[in-house]
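Colleague: The file below is entry.csv, CSV, C-alpha atoms:
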```csv
chain,number,residue,atom,x,y,z
T,13,MET,CA,0.0,0.0,0.0
T,14,LYS,CA,1.1,3.6,-0.7
T,15,PRO,CA,2.0,5.7,2.3
T,16,SER,CA,-1.0,7.7,3.6
T,17,ALA,CA,-1.0,11.4,4.6
T,18,GLN,CA,-3.7,10.4,7.1
T,19,THR,CA,-3.3,9.4,10.7
T,20,ALA,CA,-4.9,6.2,11.9
T,21,ILE,CA,-6.5,6.3,15.4
T,22,PRO,CA,-7.7,3.0,17.0
T,23,CYS,CA,-11.3,2.9,18.0
T,24,LEU,CA,-14.3,0.6,18.4
T,25,MET,CA,-17.6,1.6,16.9
T,26,MET,CA,-20.3,0.6,19.4
T,27,ARG,CA,-24.0,0.9,20.0
T,28,GLY,CA,-24.8,2.0,23.5
T,29,GLY,CA,-28.5,1.8,24.3
T,30,THR,CA,-30.3,3.8,21.6
T,31,SER,CA,-27.2,5.7,20.5
T,32,LYS,CA,-24.0,4.8,18.8
T,33,GLY,CA,-20.5,6.2,18.0
T,34,PRO,CA,-16.8,5.7,18.2
T,35,PHE,CA,-15.2,4.7,21.5
T,36,PHE,CA,-11.6,5.8,22.1
T,37,ASN,CA,-8.9,5.1,24.6
T,38,GLU,CA,-8.0,8.6,25.8
T,39,ALA,CA,-4.3,7.8,25.3
T,40,ASP,CA,-4.9,7.5,21.5
T,41,LEU,CA,-6.3,11.0,21.2
T,42,PRO,CA,-4.4,14.3,21.3
T,43,ALA,CA,-3.8,15.5,24.8
T,44,ASP,CA,-4.7,19.2,24.2
T,45,GLN,CA,-8.4,19.9,23.9
T,46,PRO,CA,-8.5,22.1,20.8
T,47,THR,CA,-6.6,19.5,18.7
T,48,ARG,CA,-8.7,16.7,20.2
T,49,ASP,CA,-11.9,18.5,19.3
T,50,ARG,CA,-10.7,19.1,15.7
T,51,VAL,CA,-10.0,15.4,15.5
T,52,LEU,CA,-13.4,14.4,16.8
T,53,LEU,CA,-15.1,16.8,14.3
T,54,SER,CA,-13.1,15.3,11.5
T,55,VAL,CA,-13.9,11.7,12.7
T,56,MET,CA,-17.7,12.4,12.7
T,57,GLY,CA,-17.7,14.6,9.6
T,58,SER,CA,-19.1,17.7,11.2
T,59,PRO,CA,-20.2,20.3,10.3
T,60,ASP,CA,-22.2,18.8,7.5
T,61,LYS,CA,-25.9,17.8,7.9
T,62,ARG,CA,-25.2,14.5,6.2
T,63,GLN,CA,-21.8,14.0,7.8
T,64,ILE,CA,-20.8,12.4,4.5
T,65,ASP,CA,-17.1,12.7,5.1
T,66,GLY,CA,-17.1,11.1,8.5
T,67,MET,CA,-18.5,8.4,10.8
T,68,GLY,CA,-21.5,10.3,12.0
T,69,GLY,CA,-25.1,9.2,11.2
T,70,ALA,CA,-26.6,12.6,10.4
T,71,HIS,CA,-28.5,12.7,13.7
T,72,PRO,CA,-27.7,13.9,17.2
T,73,LEU,CA,-28.1,10.3,18.5
T,74,THR,CA,-25.4,9.0,16.1
T,75,SER,CA,-23.1,12.0,16.5
T,76,LYS,CA,-21.7,10.9,19.9
T,77,VAL,CA,-18.2,10.0,21.0
T,78,ALA,CA,-17.0,8.1,24.1
T,79,ILE,CA,-13.5,8.6,25.6
T,80,VAL,CA,-12.4,6.1,28.2
T,81,ARG,CA,-9.4,5.6,30.5
T,82,LYS,CA,-8.3,3.8,33.6
T,83,SER,CA,-9.3,5.8,36.6
T,84,THR,CA,-6.9,7.1,39.3
T,85,THR,CA,-9.8,8.0,41.6
T,86,PRO,CA,-9.9,5.7,44.6
T,87,GLY,CA,-12.6,3.0,44.4
T,88,VAL,CA,-13.3,3.8,40.7
T,89,ASP,CA,-12.2,1.5,37.8
T,90,LEU,CA,-12.9,3.6,34.7
T,91,ASP,CA,-13.3,7.3,33.7
T,92,PHE,CA,-15.7,8.2,30.9
T,93,LEU,CA,-15.8,11.4,29.0
T,94,PHE,CA,-18.8,11.9,26.7
T,95,ALA,CA,-18.7,14.2,23.7
T,96,GLN,CA,-21.9,15.4,22.0
T,97,LEU,CA,-21.4,16.6,18.4
T,98,GLN,CA,-24.0,17.9,16.0
T,99,PRO,CA,-24.2,17.0,12.3
T,100,ASP,CA,-24.3,20.6,11.1
T,101,LYS,CA,-22.3,22.4,13.7
T,102,ASP,CA,-18.6,22.6,14.7
T,103,THR,CA,-19.3,22.2,18.4
T,104,VAL,CA,-17.9,19.5,20.8
T,105,ASP,CA,-19.9,19.6,24.0
T,106,THR,CA,-18.5,17.7,27.0
T,107,THR,CA,-20.8,19.3,29.6
T,108,PRO,CA,-23.7,16.9,29.7
T,109,ASN,CA,-23.7,13.1,30.3
T,110,CYS,CA,-25.1,10.4,28.1
T,111,GLY,CA,-26.5,7.3,29.8
T,112,ASN,CA,-26.8,5.4,26.5
T,113,MET,CA,-23.2,5.7,25.5
T,114,LEU,CA,-22.4,5.0,29.1
T,115,ALA,CA,-23.7,1.4,28.5
T,116,GLY,CA,-20.8,0.7,26.2
T,117,VAL,CA,-18.0,1.9,28.5
T,118,VAL,CA,-17.4,-1.4,30.3
T,119,PRO,CA,-17.7,-3.6,27.2
T,120,PHE,CA,-15.2,-1.3,25.5
T,121,ALA,CA,-12.8,-1.5,28.4
T,122,LEU,CA,-13.1,-5.3,28.4
T,123,GLU,CA,-12.7,-5.6,24.6
T,124,THR,CA,-9.5,-3.5,24.7
T,125,GLY,CA,-8.0,-5.1,27.8
T,126,MET,CA,-8.3,-2.0,29.9
T,127,VAL,CA,-10.0,-4.2,32.6
T,128,GLN,CA,-10.3,-7.9,33.0
T,129,ALA,CA,-13.5,-10.0,33.3
T,130,GLN,CA,-14.2,-11.1,36.9
T,131,ASP,CA,-16.7,-14.0,36.7
T,132,ASP,CA,-19.9,-14.9,34.8
T,133,THR,CA,-20.8,-11.2,35.4
T,134,SER,CA,-18.4,-8.4,35.8
T,135,THR,CA,-19.1,-5.1,37.7
T,136,PHE,CA,-17.0,-2.0,37.4
T,137,ARG,CA,-17.4,1.4,38.9
T,138,VAL,CA,-17.4,4.2,36.3
T,139,LEU,CA,-16.9,7.9,36.9
T,140,THR,CA,-18.4,10.2,34.3
T,141,LEU,CA,-16.0,13.1,34.0
T,142,ASN,CA,-18.7,15.4,32.4
T,143,THR,CA,-20.8,15.5,35.6
T,144,ASP,CA,-18.6,13.9,38.3
T,145,MET,CA,-21.2,11.1,38.6
T,146,GLN,CA,-20.4,7.5,39.6
T,147,CYS,CA,-22.3,4.4,38.7
T,148,ASP,CA,-21.8,0.6,38.9
T,149,ILE,CA,-22.2,-1.2,35.5
T,150,THR,CA,-22.6,-4.9,35.3
T,151,VAL,CA,-22.2,-6.9,32.1
T,152,ARG,CA,-22.3,-10.6,31.3
T,153,THR,CA,-18.8,-12.2,30.8
T,154,PRO,CA,-19.3,-16.0,30.4
T,155,MET,CA,-16.4,-18.4,29.9
T,156,GLY,CA,-15.6,-19.4,26.3
T,157,PRO,CA,-13.0,-21.6,24.6
T,158,GLN,CA,-10.5,-18.8,24.8
T,159,GLY,CA,-11.4,-17.4,28.2
T,160,ARG,CA,-14.1,-15.0,29.3
T,161,TYR,CA,-15.7,-12.7,26.8
T,162,VAL,CA,-18.3,-9.9,26.6
T,163,GLU,CA,-21.7,-11.4,25.8
T,164,TYR,CA,-23.8,-9.3,23.6
T,165,GLU,CA,-26.6,-11.7,22.6
T,166,GLY,CA,-29.5,-12.2,25.0
T,167,ASP,CA,-33.2,-11.7,25.5
T,168,ALA,CA,-33.2,-8.2,27.0
T,169,ARG,CA,-35.1,-5.7,25.0
T,170,ILE,CA,-35.1,-1.9,25.1
T,171,ASP,CA,-37.4,0.3,23.1
T,172,GLY,CA,-35.6,2.3,20.5
T,173,ALA,CA,-33.1,-0.5,19.6
T,174,PRO,CA,-34.2,-3.4,17.4
T,175,GLY,CA,-34.0,-7.0,18.5
T,176,SER,CA,-32.7,-8.3,21.8
T,177,SER,CA,-29.3,-8.3,23.5
T,178,ALA,CA,-27.6,-9.3,26.7
T,179,PRO,CA,-28.7,-7.0,29.6
T,180,ILE,CA,-26.4,-4.3,31.0
T,181,THR,CA,-27.4,-3.0,34.4
T,182,ILE,CA,-26.5,0.5,35.4
T,183,ASN,CA,-26.9,1.5,39.1
T,184,PHE,CA,-26.4,5.3,39.5
T,185,LEU,CA,-24.9,6.3,42.8
T,186,ASP,CA,-25.4,10.1,42.9
T,187,THR,CA,-27.0,12.0,40.0
T,188,ALA,CA,-28.7,15.0,41.7
T,189,GLY,CA,-27.4,18.3,40.3
T,190,SER,CA,-25.3,16.7,37.6
T,191,VAL,CA,-24.9,20.0,35.6
T,192,CYS,CA,-27.1,22.4,37.6
T,193,PRO,CA,-26.3,23.4,41.2
T,194,SER,CA,-28.9,21.1,42.7
T,195,LEU,CA,-31.8,18.7,42.0
T,196,LEU,CA,-34.2,21.6,41.8
T,197,PRO,CA,-31.9,24.4,40.6
T,198,THR,CA,-34.5,27.2,40.8
T,199,GLY,CA,-35.2,26.3,44.4
T,200,HIS,CA,-38.8,25.3,43.6
T,201,VAL,CA,-40.5,22.2,42.3
T,202,LEU,CA,-42.8,24.3,40.2
T,203,ASP,CA,-42.1,27.7,38.5
T,204,ARG,CA,-44.4,29.8,36.4
T,205,ILE,CA,-42.6,31.8,33.7
T,206,ARG,CA,-43.7,34.4,31.2
T,207,VAL,CA,-42.1,33.8,27.8
T,208,GLU,CA,-41.6,36.9,25.7
T,209,PRO,CA,-40.7,36.8,22.0
T,210,THR,CA,-37.3,38.3,21.0
T,211,ALA,CA,-35.8,39.7,17.9
T,212,GLU,CA,-34.3,36.3,17.1
T,213,LEU,CA,-37.1,34.2,18.4
T,214,GLY,CA,-40.4,35.7,17.6
T,215,GLY,CA,-43.6,35.0,15.7
T,216,PHE,CA,-45.7,34.1,18.8
T,217,GLU,CA,-47.7,35.9,21.4
T,218,PRO,CA,-46.3,36.1,25.0
T,219,PHE,CA,-47.4,33.2,27.1
T,220,GLU,CA,-47.1,32.0,30.7
T,221,ILE,CA,-46.4,28.3,31.5
T,222,ASP,CA,-45.8,26.1,34.5
T,223,VAL,CA,-42.5,24.3,34.4
T,224,THR,CA,-40.5,21.9,36.6
T,225,CYS,CA,-36.8,22.5,36.3
T,226,ILE,CA,-35.0,19.4,37.5
T,227,ASP,CA,-31.6,17.7,37.2
T,228,ASN,CA,-31.2,14.2,38.4
T,229,GLY,CA,-28.6,13.2,35.8
T,230,MET,CA,-29.7,15.5,33.0
T,231,PRO,CA,-31.0,19.1,33.2
T,232,LEU,CA,-34.6,19.1,32.1
T,233,VAL,CA,-37.4,21.7,31.7
T,234,MET,CA,-40.6,19.8,32.0
T,235,PHE,CA,-44.1,21.1,31.1
T,236,ARG,CA,-47.5,19.7,30.3
T,237,ALA,CA,-48.1,19.4,26.6
T,238,THR,CA,-51.6,20.8,27.0
T,239,ASP,CA,-50.2,24.0,28.5
T,240,ILE,CA,-48.5,24.7,25.2
T,241,GLY,CA,-51.4,23.7,23.0
T,242,ARG,CA,-50.3,20.1,22.2
T,243,THR,CA,-51.5,16.7,23.2
T,244,GLY,CA,-48.1,15.1,24.0
T,245,TYR,CA,-49.0,12.2,21.7
T,246,GLU,CA,-47.8,13.7,18.5
T,247,SER,CA,-45.4,11.8,16.3
T,248,VAL,CA,-41.7,12.8,16.2
T,249,ALA,CA,-42.1,13.8,12.5
T,250,ASP,CA,-45.0,16.1,13.4
T,251,LEU,CA,-43.2,17.7,16.3
T,252,ASN,CA,-40.0,18.3,14.2
T,253,ALA,CA,-42.1,20.0,11.5
T,254,ASP,CA,-43.9,22.2,14.1
T,255,THR,CA,-41.8,25.3,13.7
T,256,GLU,CA,-44.1,27.5,15.8
T,257,LEU,CA,-43.8,25.0,18.7
T,258,LYS,CA,-40.1,24.7,18.5
T,259,THR,CA,-39.7,28.5,18.4
T,260,ARG,CA,-41.7,28.8,21.6
T,261,ILE,CA,-39.9,26.0,23.3
T,262,GLU,CA,-36.5,27.5,22.4
T,263,ALA,CA,-37.6,30.9,23.7
T,264,LEU,CA,-38.7,29.2,27.0
T,265,ARG,CA,-35.4,27.3,27.2
T,266,ARG,CA,-33.3,30.4,26.9
T,267,GLN,CA,-35.4,32.4,29.3
T,268,ILE,CA,-35.6,29.8,32.1
T,269,SER,CA,-31.9,28.6,31.9
T,270,PRO,CA,-30.4,31.5,33.9
T,271,ARG,CA,-32.8,30.7,36.8
T,272,MET,CA,-31.3,27.2,36.6
T,273,GLY,CA,-27.8,28.4,37.0
T,274,LEU,CA,-26.9,27.5,33.4
T,275,GLY,CA,-26.5,31.0,32.0
T,276,ASP,CA,-26.7,31.6,28.3
T,277,VAL,CA,-27.6,28.2,26.7
T,278,THR,CA,-28.0,29.5,23.1
T,279,ASN,CA,-25.1,27.3,21.9
T,280,LYS,CA,-25.5,24.5,24.5
T,281,ASN,CA,-27.2,21.1,24.2
T,282,TYR,CA,-29.0,21.4,27.5
T,283,PRO,CA,-31.4,21.7,29.2
T,284,LYS,CA,-33.5,19.2,27.3
T,285,MET,CA,-37.1,20.3,26.9
T,286,THR,CA,-39.7,17.7,27.8
T,287,LEU,CA,-43.5,17.7,27.1
T,288,VAL,CA,-45.4,15.4,29.5
T,289,ALA,CA,-48.9,13.9,29.3
T,290,ALA,CA,-50.9,11.2,30.9
T,291,PRO,CA,-49.8,7.6,29.9
T,292,ARG,CA,-51.6,5.8,27.1
T,293,GLU,CA,-49.9,2.4,27.1
T,294,GLY,CA,-50.0,1.3,30.7
T,295,GLY,CA,-47.0,3.3,31.8
T,296,SER,CA,-46.5,6.0,34.3
T,297,LEU,CA,-46.2,9.1,32.1
T,298,THR,CA,-45.9,10.0,28.4
T,299,THR,CA,-43.0,12.1,27.2
T,300,ARG,CA,-41.8,14.0,24.1
T,301,SER,CA,-38.3,15.1,24.6
T,302,PHE,CA,-36.4,17.8,22.6
T,303,ILE,CA,-32.6,17.3,22.7
T,304,PRO,CA,-32.9,20.3,22.6
T,305,HIS,CA,-34.0,21.3,19.1
T,306,VAL,CA,-34.8,17.9,17.6
T,307,CYS,CA,-37.5,15.6,19.1
T,308,HIS,CA,-35.9,12.4,20.4
T,309,ASP,CA,-37.2,9.2,18.8
T,310,ALA,CA,-37.2,7.7,22.4
T,311,ILE,CA,-35.8,9.4,25.5
T,312,GLY,CA,-32.3,9.6,26.9
T,313,VAL,CA,-31.3,7.4,29.8
T,314,LEU,CA,-30.6,10.2,32.3
T,315,ALA,CA,-33.5,12.2,31.0
T,316,ALA,CA,-35.7,9.2,31.9
T,317,VAL,CA,-34.2,9.1,35.3
T,318,THR,CA,-34.9,12.8,35.8
T,319,VAL,CA,-38.5,12.4,34.5
T,320,ALA,CA,-39.0,9.5,36.9
T,321,THR,CA,-37.7,11.6,39.8
T,322,ALA,CA,-40.1,14.4,39.0
T,323,CYS,CA,-43.0,11.9,39.1
T,324,VAL,CA,-42.3,11.3,42.9
T,325,LEU,CA,-42.0,15.0,43.8
T,326,GLU,CA,-45.2,16.5,45.1
T,327,GLY,CA,-46.3,19.6,43.2
T,328,SER,CA,-44.3,19.0,40.0
T,329,VAL,CA,-45.9,19.3,36.6
T,330,THR,CA,-46.4,15.5,36.6
T,331,GLN,CA,-48.9,15.7,39.5
T,332,GLY,CA,-52.4,14.7,38.5
T,333,ILE,CA,-51.3,13.0,35.2
T,334,ALA,CA,-48.6,10.5,36.3
T,335,ARG,CA,-49.8,7.1,37.5
T,336,MET,CA,-47.4,5.9,40.2
T,337,PRO,CA,-47.3,2.5,41.9
T,338,GLY,CA,-46.4,3.8,45.4
T,339,GLY,CA,-44.0,2.4,47.9
T,340,LEU,CA,-40.4,3.0,48.7
T,341,THR,CA,-39.2,1.2,45.6
T,342,GLN,CA,-41.0,2.3,42.5
T,343,THR,CA,-40.6,1.3,38.9
T,344,VAL,CA,-41.5,4.3,36.8
T,345,SER,CA,-42.4,3.4,33.2
T,346,VAL,CA,-41.6,6.5,31.0
T,347,GLU,CA,-43.5,6.2,27.7
T,348,HIS,CA,-41.9,7.8,24.7
T,349,PRO,CA,-42.5,7.8,20.9
T,350,THR,CA,-41.1,4.3,20.3
T,351,GLY,CA,-42.0,2.5,23.5
T,352,GLU,CA,-41.2,2.9,27.1
T,353,PHE,CA,-38.2,3.2,29.5
T,354,SER,CA,-38.4,1.7,33.0
T,355,VAL,CA,-36.5,3.3,35.8
T,356,GLU,CA,-36.3,1.7,39.3
T,357,LEU,CA,-36.2,4.4,42.1
T,358,GLY,CA,-35.4,3.8,45.7
T,359,LEU,CA,-36.9,6.4,48.1
T,360,ASP,CA,-35.7,7.5,51.5
T,361,PRO,CA,-38.0,6.0,54.2
T,362,ALA,CA,-37.5,9.1,56.3
T,363,ASN,CA,-38.3,11.4,53.3
T,364,PRO,CA,-40.1,9.8,50.4
T,365,GLN,CA,-39.4,12.9,48.3
T,366,ASN,CA,-35.7,12.0,48.4
T,367,VAL,CA,-34.5,9.6,45.7
T,368,THR,CA,-31.6,7.6,47.0
T,369,ARG,CA,-31.1,5.2,44.1
T,370,ALA,CA,-31.8,4.9,40.4
T,371,ALA,CA,-31.2,1.7,38.4
T,372,LEU,CA,-32.0,0.8,34.9
T,373,LEU,CA,-31.4,-1.7,32.1
T,374,ARG,CA,-29.6,-1.0,28.9
T,375,THR,CA,-27.9,-3.1,26.1
T,376,ALA,CA,-24.9,-2.5,23.9
T,377,ARG,CA,-23.1,-4.1,21.0
T,378,LEU,CA,-19.7,-4.0,19.4
T,379,LEU,CA,-20.2,-3.0,15.8
T,380,MET,CA,-16.7,-2.7,14.4
T,381,ARG,CA,-13.1,-2.5,15.5
T,382,GLY,CA,-10.3,-0.8,13.7
T,383,ASP,CA,-8.8,2.6,12.9
T,384,VAL,CA,-10.5,5.8,12.0
T,385,MET,CA,-8.5,7.9,9.5
T,386,VAL,CA,-7.8,11.6,10.3
T,387,PRO,CA,-6.4,13.9,7.6
T,388,ALA,CA,-3.0,15.3,8.3
T,389,SER,CA,-4.3,18.9,8.0
T,390,THR,CA,-6.6,18.2,11.1
T,391,LEU,CA,-3.5,17.5,13.2
```
Rewrite the coordinates I just gave you, this time as C-alpha cells.
Modeller:
Amino acid sequence: MKPSAQTAIPCLMMRGGTSKGPFFNEADLPADQPTRDRVLLSVMGSPDKRQIDGMGGAHPLTSKVAIVRKSTTPGVDLDFLFAQLQPDKDTVDTTPNCGNMLAGVVPFALETGMVQAQDDTSTFRVLTLNTDMQCDITVRTPMGPQGRYVEYEGDARIDGAPGSSAPITINFLDTAGSVCPSLLPTGHVLDRIRVEPTAELGGFEPFEIDVTCIDNGMPLVMFRATDIGRTGYESVADLNADTELKTRIEALRRQISPRMGLGDVTNKNYPKMTLVAAPREGGSLTTRSFIPHVCHDAIGVLAAVTVATACVLEGSVTQGIARMPGGLTQTVSVEHPTGEFSVELGLDPANPQNVTRAALLRTARLLMRGDVMVPASTL
C-alpha cells in the first residue's frame, strides 16, 4: 500500500443503548483539547448535515463520542468522558452526560484489555467526568473456549433499539445536580414563567407556563403538553415539523436557563425540553423530549431518570397526570414515541421525596473494531 498522509487512530464503533458512535482510549487521542476536538469533528464529519465525510449518522443520536481511560480515583475503575457533536455544527460539547453511550463503556474496556473480566458477570465502577457522577455497571462475561468474553446476545429488549441483547445493568450512585447546582436548581418544584418573543425568536404571542426545572442526571425543563397547546402524543415527525412550537420551546429554554444556574444556553445542548402527558400504554407518564432542538425518537437514559424523579415529587408538573405504583421502591415506566423506558427508584423512608437510588437496564453491541482515519491537516 502507498503511504498515507492520514493518521490512523484506533477505536471501536459501538451501539450504546439507543445511541452509537466511536469509543476511544484517551491515550490514543491528542492531549490538548482544541486539537482533540478538531480530530473528533473530523472523525464524525461535522459540520455537515449528512456527515458524509465522517462516521456520524446525520442525527444527534449518532453524533456521539466516548473517551475512556483507567481511573486514578480511589474506588473507581474507569473514567468516561462523553462528547456530543452535532451534524451541522462545529461544536464538541462535553458538559452533559449520556446514559446510553455509558452502557458501552465497560464492554469497550473489556474488549480493549483496559480491565479484566471477573466472573460470569463483571461489575465495574465508572466515573463520568462530564458531571462527576459515579455508577456501577454490570455486564455478562461468560467463559468461552479462549477465556471470558463480553456477551452481547441475549433476550433483553429496550425500546428504541431493534431485536434483543444481553442485559447491562447501570446503578447510578449520585445523580442529583449533575450539571445544575442542585436537583431543583430554581429552588422550587414548580415555577411559572412568562415567555416573551425576542428579535431572534419571535412570531408568537407572549405566554405563561408552569415548568418543573430538575436535574437528576440530566437538566430538564418539563411542562404539560396541553399547556403549550399540544396533546403530548404527536409523532416525532409532526413535532419536528412544528416550527411554531419549536420556536416557543427554544424561547422558553433560553429564558428559564439563567434561573437554573446555566447562564446563556444558546449554543449548548442542555437543558432538554420535555413535554409530558398522561400515559396511554399502561406506563406512568408519556413524554416527548427535545434534545434540545430535535424531538428524540425515544428518551435519553438520564432524561428518563430525571423524569421518573419528577414523578415522585409532590407539586411537580407531573402531579395529576402521572400514574405511580407507590411504595419506597417504585418502577416508573416512562413512555416515549417508540416505546417505554423503565427506571427503578429507591426512596428514602424518612423522606419519600428524596430519591436515594436509580437503576435501569440497557444493552450494547460492538459493531466494528479498527482505525479511523484523520487527515494530516486536522492534526
Colleague: Please provide the set of residues having any atom within 10 Å of Glu38 (chain T), restricted to all atoms listed in the file, with same-chain residues fewer than 3 positions apart removed, written as number ranges by chain.
Modeller: T: 35, 41-43, 48, 78-82, 91-93
Colleague: Quick one: distance from CA of Pro361 (chain T) to CA of Gly339 (chain T) in Å, one decimal?
Modeller: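 Computed distance, CA of Pro361 (chain T) to CA of Gly339 (chain T), equals 9.4 Å.
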Colleague: Near region 54-68 of chain T, counting all atoms listed in the file, which residues have an atom at most 7 Å away, once you skip same-chain residues fewer than 5 positions from it, shown as a list of chain:residue names?
Modeller: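 Skipping anything fewer than 5 positions along the chain leaves T:Thr74, T:Ser75, T:Gln98, T:Pro99, T:Asp100, T:Lys101, T:Asp102, T:Val384, T:Val386.
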Colleague: Could you give me, as a list in words, the residues that sit within 9 Å of (-24.6, 18.1, 37.7) in the file's coordinates, counting all atoms listed in the file?
Modeller: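 Counting all atoms listed in the file, I find these residues within 9 Å of (-24.6, 18.1, 37.7): Pro108, Asn109, Asn142, Thr143, Asp144, Met145, Thr187, Ala188, Gly189, Ser190, Val191, Cys192, Pro193, Ser194, Leu195, Asp227, Asn228, Gly229, Met230 and Pro231 of chain T.
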Colleague: Tell me which of T:Glu347, T:Asp239, T:Glu208, T:Asp250 sits closest to Leu264 (chain T), counting all atoms listed in the file.
Modeller: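 Going through T:Glu347, T:Asp239, T:Glu208, T:Asp250 one by one, the smallest distance to Leu264 (chain T) is for T:Glu208.
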Colleague: Report as CSV: every residue of region 75-116 of chain T with an atom at most 10 Å from region 307-313 of chain T, its closest pair of atoms, and their distance in Å to one decimal, counting all atoms listed in the file, with rows sorted by chain and ascending residue number.
Modeller:
```
residue,atom,partner,partner_atom,distance
T:Asn109,CA,T:Val313,CA,9.5
T:Cys110,CA,T:Val313,CA,7.1
T:Gly111,CA,T:Val313,CA,4.8
T:Asn112,CA,T:Val313,CA,5.9
T:Met113,CA,T:Val313,CA,9.3
T:Leu114,CA,T:Val313,CA,9.2
T:Ala115,CA,T:Val313,CA,9.8
```
Colleague: Can you pull out the residues contacting Arg335 (chain T)? Cut-off 10 Å, using only C-alpha atoms, and skip same-chain residues under 6 positions away; I want them as a PyMOL selection string.
Modeller: chain T and resi 290-291+294-297+323+344-345
Colleague: With only C-alpha atoms as the basis for distance, which of T:His348, T:Arg265, T:Arg137, T:Arg160 is at the shortest distance from Thr84 (chain T)?
Modeller: T:Arg137
